[in-house]
Amino acid sequence: MARTKTKKEESVEPGSDVVMDEVPTSHQPESRDDMSVDEDENDEVEVEDNDAEVEDDVQRVRLLPGSTPTAASFEFLNEGHTLGNALRYIIMKNPDVEFCAYAIPHPSEPKMNVRIQTFDSTTAVEALEKGLRDLQELCDVVTDQFVVAREKFMAK
Amino acid sequence: MDYDPMVMDDAEALGPVVKISQADSVRVKFELSNADIAFANSLRRVMLGEIPTIAIDLVEIEDNSSVLADEFIAHRLGLIPLNADGVEALLYARDCDCDGCCEHCSVRLTLHAKCTGDENMHVFARDLVPTGDRVNQVLGTPVVSDSEGLGPLILKLRPGQEVKLQCIAKKGIAKEHAKWAPSAAIGFEYDPHNKLRHTDFWYETDAKTEWPPSEYASWEEPPQEGEPFDYDAVPNRFYYNVESAGNLPPDTIVSEGIKVIQQKLAGLIHELADEGGDGMNGDYNGPRSPEYGTGADGFGGGYTTPFGNGGNQSSWGGAGGAGGTTPYGATPYGAGQSSWS
């Protein structure tokens, strides 16, 4: 038994040699593969470039499915509580808006959802736009107030 | 200008009011009243995390025989406040056309110090020297605010030890890394008497005697004895304490903060205006062709991948549009279209 074992081991060694021999023969198609892989790498670079282009004009707001003109959910990319809560507040101030709320569905996704439901006098998209403009105006007022207060303080 | 901080009861009809109680080169304390907590918090958040400043982002170490490891020094350098005056003229490195960094998107600083004496040598931020062209003559200069004019201590050298390195400072915001924070701290407080009961004070026997009154307690009416809890009340006076790290003056931090909110809003308004009504109904980032402005609605028929190939084609750019193309272009067996024909 022990002998047969050693014989088997011996037979394995030439077997592995055979494998070594086979390597060059099977290499030819693989070398072609290598060339095509090179091509792929070039392509991949192009792909990345295109990706960057797409990144430049990514649409940052979209309407979520199931929205109607007066009741819509918007999804904002790369926005959070900073904009969400202030926007929610200012949209709720609009008397034509029935309901407005925001949520960050998952903390590790850079997304923020805003739900707007309006009365028939306006649409959700209009309410959102008005909200953004109103918030801008609020910022303007606070800036003016701050500048005035600073000048007043400096004059003292 | 027609505001009077004493008239508080007419509430929000007046619009927001700002009153500054203290302002110097390191801090500004102010009160924002007749505003909502949502807006007040937006302002606080934006001042904390989204005002662009400049900080060292890359360090090329030529020589370092000090006891500190290279990456340890690099980290310390990153945290040194640099003057961010005029940073708006600087581009984000990712938006710049240059390869890596240039004078339009970065400031170069060098540090070369060798201890030649017998005493240990201290290397301070003032030893960081801006080199090359800059947007203006102060941008990227280390902030030195101590009386000796030294700046923060970077490292110490034993006799014979030497550090020689080049730093590249880039524009960024604190949301990405705290080293870009313009403010050392932002105090934010409302309702000093806890009338709204947003806080729950821990106490042993009596919260009133054990907790010191807030700095702003005298600014607001203390609650009357036996006053019923007003569950409809909302906070509307907010006390900020903006402390600068030295890279931007404190009042600039406030105005820049509002500017950042404005820019966010302007960007969104612009996008909504661009999209128009029906453009809103698609997916963003979905099946869109990368060419800018193809098709009125901005969406290719739905077959286009964002990778710019025609439909039906793999993103690996295999030859020809015929089905059966492997992701690796031609098959290794050369049947049909070979990629080197």
# chains A, B, ... in the order shown; residues from 1 in each chain; ligands from 1
>>> residues_around(residues="stretch 148-154 of chain A", least_positions_apart="6", cutoff="8 Å", atoms="only C-alpha atoms", output="list in words")
Met1, Val18, Lys19, Ile20, Ser21 and Ala23 of chain B
>>> write_last_selection(atoms="N, CA and C atoms", output="tab-separated table (two decimals), in the first residue's frame")
chain	number	residue	atom	x	y	z
B	1	MET	N	-34.60	99.12	8.74
B	1	MET	CA	-34.08	99.89	9.85
B	1	MET	C	-35.19	100.25	10.85
B	18	VAL	N	-32.50	91.25	14.03
B	18	VAL	CA	-31.19	90.85	14.56
B	18	VAL	C	-30.68	91.93	15.49
B	19	LYS	N	-30.17	91.50	16.62
B	19	LYS	CA	-29.59	92.44	17.57
B	19	LYS	C	-28.25	91.88	18.04
B	20	ILE	N	-27.22	92.65	17.88
B	20	ILE	CA	-25.89	92.18	18.26
B	20	ILE	C	-25.58	92.65	19.67
B	21	SER	N	-25.12	91.73	20.52
B	21	SER	CA	-24.82	92.12	21.89
B	21	SER	C	-23.32	92.19	22.13
B	23	ALA	N	-19.45	91.96	19.78
B	23	ALA	CA	-18.74	91.65	18.54
B	23	ALA	C	-17.31	92.11	18.67
>>> select_by_dssp(residues="stretch 78-127 of chain A", states="alpha helix (DSSP H)", output="list in words")
His81, Thr82, Leu83, Gly84, Asn85, Ala86, Leu87, Arg88, Tyr89, Ile90, Ile91, Met92, Lys93, Ala124, Val125, Glu126 and Ala127 of chain A
>>> write_last_selection(atoms="C-alpha atoms", output="short mmCIF file (atom, residue, chain, number, x, y, z; two decimals), in the first residue's frame")
data_model
loop_
_atom_site.label_atom_id
_atom_site.label_comp_id
_atom_site.auth_asym_id
_atom_site.auth_seq_id
_atom_site.Cartn_x
_atom_site.Cartn_y
_atom_site.Cartn_z
CA HIS A 81 -32.20 68.92 7.58
CA THR A 82 -30.52 72.24 6.81
CA LEU A 83 -32.77 72.87 3.85
CA GLY A 84 -35.53 70.41 4.63
CA ASN A 85 -36.84 71.84 7.86
CA ALA A 86 -36.60 75.48 6.78
CA LEU A 87 -38.30 74.69 3.48
CA ARG A 88 -41.02 72.72 5.21
CA TYR A 89 -41.67 75.65 7.52
CA ILE A 90 -41.83 78.24 4.77
CA ILE A 91 -44.04 76.11 2.53
CA MET A 92 -46.44 75.55 5.41
CA LYS A 93 -46.65 79.34 5.76
CA ALA A 124 -47.39 71.35 -5.54
CA VAL A 125 -44.59 72.35 -7.91
CA GLU A 126 -45.63 75.98 -7.71
CA ALA A 127 -45.81 75.77 -3.94
#
>>> residues_around(residues="B:Ala55", least_positions_apart="2", cutoff="10 Å", atoms="only C-alpha atoms", output="list in words")
Pro52, Thr53, Asp57, Leu58, Leu77, Gly78, Leu79, Ile80, Pro81, Leu82, Asn83, Ala84, Ser106, Val107, Gly140, Pro142, Cys167, Ile168, Ala169, Lys170, Lys171, Gly172, Ile173, His177, Ala178, Lys179, Trp180, Ala181 and Asn247 of chain B
>>> write_last_selection(atoms="N, CA and C atoms", output="mmCIF file, in the first residue's frame")
data_model
loop_
_atom_site.group_PDB
_atom_site.id
_atom_site.type_symbol
_atom_site.label_atom_id
_atom_site.label_comp_id
_atom_site.auth_asym_id
_atom_site.auth_seq_id
_atom_site.Cartn_x
_atom_site.Cartn_y
_atom_site.Cartn_z
ATOM 1 N N PRO B 52 -17.372 77.528 2.771
ATOM 2 C CA PRO B 52 -16.073 77.135 2.231
ATOM 3 C C PRO B 52 -14.920 77.922 2.861
ATOM 4 N N THR B 53 -13.884 77.204 3.208
ATOM 5 C CA THR B 53 -12.646 77.821 3.698
ATOM 6 C C THR B 53 -11.483 77.078 3.036
ATOM 7 N N ASP B 57 -4.512 70.072 2.533
ATOM 8 C CA ASP B 57 -5.161 68.825 2.173
ATOM 9 C C ASP B 57 -4.161 67.770 1.703
ATOM 10 N N LEU B 58 -3.018 68.235 1.212
ATOM 11 C CA LEU B 58 -2.000 67.303 0.732
ATOM 12 C C LEU B 58 -0.663 67.740 1.305
ATOM 13 N N LEU B 77 -0.918 69.416 10.352
ATOM 14 C CA LEU B 77 -0.877 70.532 9.397
ATOM 15 C C LEU B 77 -2.275 70.825 8.861
ATOM 16 N N GLY B 78 -3.026 69.766 8.611
ATOM 17 C CA GLY B 78 -4.374 69.948 8.093
ATOM 18 C C GLY B 78 -5.244 70.772 9.008
ATOM 19 N N LEU B 79 -5.028 70.632 10.308
ATOM 20 C CA LEU B 79 -5.878 71.308 11.281
ATOM 21 C C LEU B 79 -5.476 72.757 11.555
ATOM 22 N N ILE B 80 -4.399 73.212 10.945
ATOM 23 C CA ILE B 80 -3.971 74.599 11.182
ATOM 24 C C ILE B 80 -4.887 75.551 10.419
ATOM 25 N N PRO B 81 -5.479 76.519 11.113
ATOM 26 C CA PRO B 81 -6.358 77.455 10.404
ATOM 27 C C PRO B 81 -5.548 78.338 9.449
ATOM 28 N N LEU B 82 -6.039 78.449 8.232
ATOM 29 C CA LEU B 82 -5.411 79.321 7.244
ATOM 30 C C LEU B 82 -6.375 80.452 6.922
ATOM 31 N N ASN B 83 -5.833 81.594 6.637
ATOM 32 C CA ASN B 83 -6.663 82.746 6.297
ATOM 33 C C ASN B 83 -7.481 82.445 5.044
ATOM 34 N N ALA B 84 -8.794 82.547 5.170
ATOM 35 C CA ALA B 84 -9.676 82.202 4.053
ATOM 36 C C ALA B 84 -10.243 83.439 3.381
ATOM 37 N N SER B 106 -5.505 76.023 -5.505
ATOM 38 C CA SER B 106 -4.753 75.633 -4.316
ATOM 39 C C SER B 106 -3.737 76.699 -3.937
ATOM 40 N N VAL B 107 -3.260 76.572 -2.729
ATOM 41 C CA VAL B 107 -2.165 77.424 -2.258
ATOM 42 C C VAL B 107 -1.080 76.497 -1.747
ATOM 43 N N GLY B 140 -4.590 81.724 2.459
ATOM 44 C CA GLY B 140 -3.742 80.577 2.734
ATOM 45 C C GLY B 140 -2.629 80.849 3.725
ATOM 46 N N PRO B 142 -1.060 81.132 7.271
ATOM 47 C CA PRO B 142 -1.492 80.599 8.565
ATOM 48 C C PRO B 142 -1.975 81.700 9.504
ATOM 49 N N CYS B 167 3.190 71.698 1.429
ATOM 50 C CA CYS B 167 1.772 71.465 1.680
ATOM 51 C C CYS B 167 0.958 72.064 0.545
ATOM 52 N N ILE B 168 -0.122 71.421 0.231
ATOM 53 C CA ILE B 168 -1.049 71.980 -0.748
ATOM 54 C C ILE B 168 -2.382 72.184 -0.044
ATOM 55 N N ALA B 169 -2.760 73.454 0.076
ATOM 56 C CA ALA B 169 -4.010 73.790 0.747
ATOM 57 C C ALA B 169 -5.096 73.943 -0.302
ATOM 58 N N LYS B 170 -6.245 73.353 -0.018
ATOM 59 C CA LYS B 170 -7.358 73.392 -0.970
ATOM 60 C C LYS B 170 -8.607 73.926 -0.300
ATOM 61 N N LYS B 171 -9.542 74.300 -1.152
ATOM 62 C CA LYS B 171 -10.828 74.800 -0.674
ATOM 63 C C LYS B 171 -11.727 73.623 -0.325
ATOM 64 N N GLY B 172 -12.523 73.790 0.709
ATOM 65 C CA GLY B 172 -13.424 72.712 1.091
ATOM 66 C C GLY B 172 -14.428 73.184 2.116
ATOM 67 N N ILE B 173 -15.319 72.288 2.510
ATOM 68 C CA ILE B 173 -16.296 72.622 3.549
ATOM 69 C C ILE B 173 -16.208 71.612 4.686
ATOM 70 N N HIS B 177 -14.691 67.575 5.977
ATOM 71 C CA HIS B 177 -13.707 67.368 7.045
ATOM 72 C C HIS B 177 -13.744 68.601 7.945
ATOM 73 N N ALA B 178 -13.695 68.373 9.244
ATOM 74 C CA ALA B 178 -13.839 69.466 10.204
ATOM 75 C C ALA B 178 -12.727 70.495 10.104
ATOM 76 N N LYS B 179 -11.618 70.152 9.448
ATOM 77 C CA LYS B 179 -10.533 71.138 9.327
ATOM 78 C C LYS B 179 -10.961 72.348 8.528
ATOM 79 N N TRP B 180 -12.037 72.214 7.718
ATOM 80 C CA TRP B 180 -12.513 73.345 6.932
ATOM 81 C C TRP B 180 -13.554 74.170 7.686
ATOM 82 N N ALA B 181 -13.770 73.855 8.956
ATOM 83 C CA ALA B 181 -14.775 74.607 9.711
ATOM 84 C C ALA B 181 -14.291 76.034 9.947
ATOM 85 N N ASN B 247 -9.858 81.916 10.626
ATOM 86 C CA ASN B 247 -9.727 81.937 9.169
ATOM 87 C C ASN B 247 -10.687 82.920 8.512
#
>>> closest_residue(among="B:Val123, B:Asn241, B:Glu50, B:Ala93", to="A:Glu79", atoms="only C-alpha atoms")
B:Glu50
>>> select_by_dssp(residues="stretch 73-110 of chain B", states="strand (DSSP E or B)", output="ChimeraX atom specification")
/B:82,106-110
>>> write_last_selection(atoms="N, CA and C atoms", output="mmCIF file, in the first residue's frame")
data_model
loop_
_atom_site.group_PDB
_atom_site.id
_atom_site.type_symbol
_atom_site.label_atom_id
_atom_site.label_comp_id
_atom_site.auth_asym_id
_atom_site.auth_seq_id
_atom_site.Cartn_x
_atom_site.Cartn_y
_atom_site.Cartn_z
ATOM 1 N N LEU B 82 -6.039 78.449 8.232
ATOM 2 C CA LEU B 82 -5.411 79.321 7.244
ATOM 3 C C LEU B 82 -6.375 80.452 6.922
ATOM 4 N N SER B 106 -5.505 76.023 -5.505
ATOM 5 C CA SER B 106 -4.753 75.633 -4.316
ATOM 6 C C SER B 106 -3.737 76.699 -3.937
ATOM 7 N N VAL B 107 -3.260 76.572 -2.729
ATOM 8 C CA VAL B 107 -2.165 77.424 -2.258
ATOM 9 C C VAL B 107 -1.080 76.497 -1.747
ATOM 10 N N ARG B 108 0.144 76.776 -2.157
ATOM 11 C CA ARG B 108 1.260 75.944 -1.745
ATOM 12 C C ARG B 108 1.955 76.583 -0.539
ATOM 13 N N LEU B 109 2.281 75.761 0.441
ATOM 14 C CA LEU B 109 3.030 76.262 1.585
ATOM 15 C C LEU B 109 4.213 75.330 1.799
ATOM 16 N N THR B 110 5.331 75.929 2.201
ATOM 17 C CA THR B 110 6.482 75.079 2.476
ATOM 18 C C THR B 110 6.889 75.240 3.932
#
>>> residues_around(residues="B:Ile258", least_positions_apart="5", cutoff="12 Å", atoms="only C-alpha atoms", output="VMD selection string")
(chain A and resid 82 to 83 135 to 147) or (chain B and resid 39 to 48 50 to 51 251 to 253 263 to 265)
>>> residues_around(residues="B:Val242", least_positions_apart="3", cutoff="6 Å", atoms="only C-alpha atoms", output="compact mmCIF listing (two decimals) with C-alpha atoms, in the first residue's frame")
# COMPACT_ATOMS: atom_id res chain seq x y z
CA ARG B 27 -16.71 86.23 18.28
CA VAL B 28 -20.06 87.76 17.57
CA ILE B 186 -21.35 78.09 17.63
>>> closest_residue(among="B:Leu68, B:Val59, B:Val254, B:Leu90", to="chain A", atoms="only C-alpha atoms")
B:Val254
>>> atom_distance(atom1="atom CA of B:Thr131", atom2="atom CA of B:Gln166")
9.6 Å
>>> atom_distance(atom1="atom CA of A:Lys111", atom2="atom CA of A:Leu63")
12.8 Å
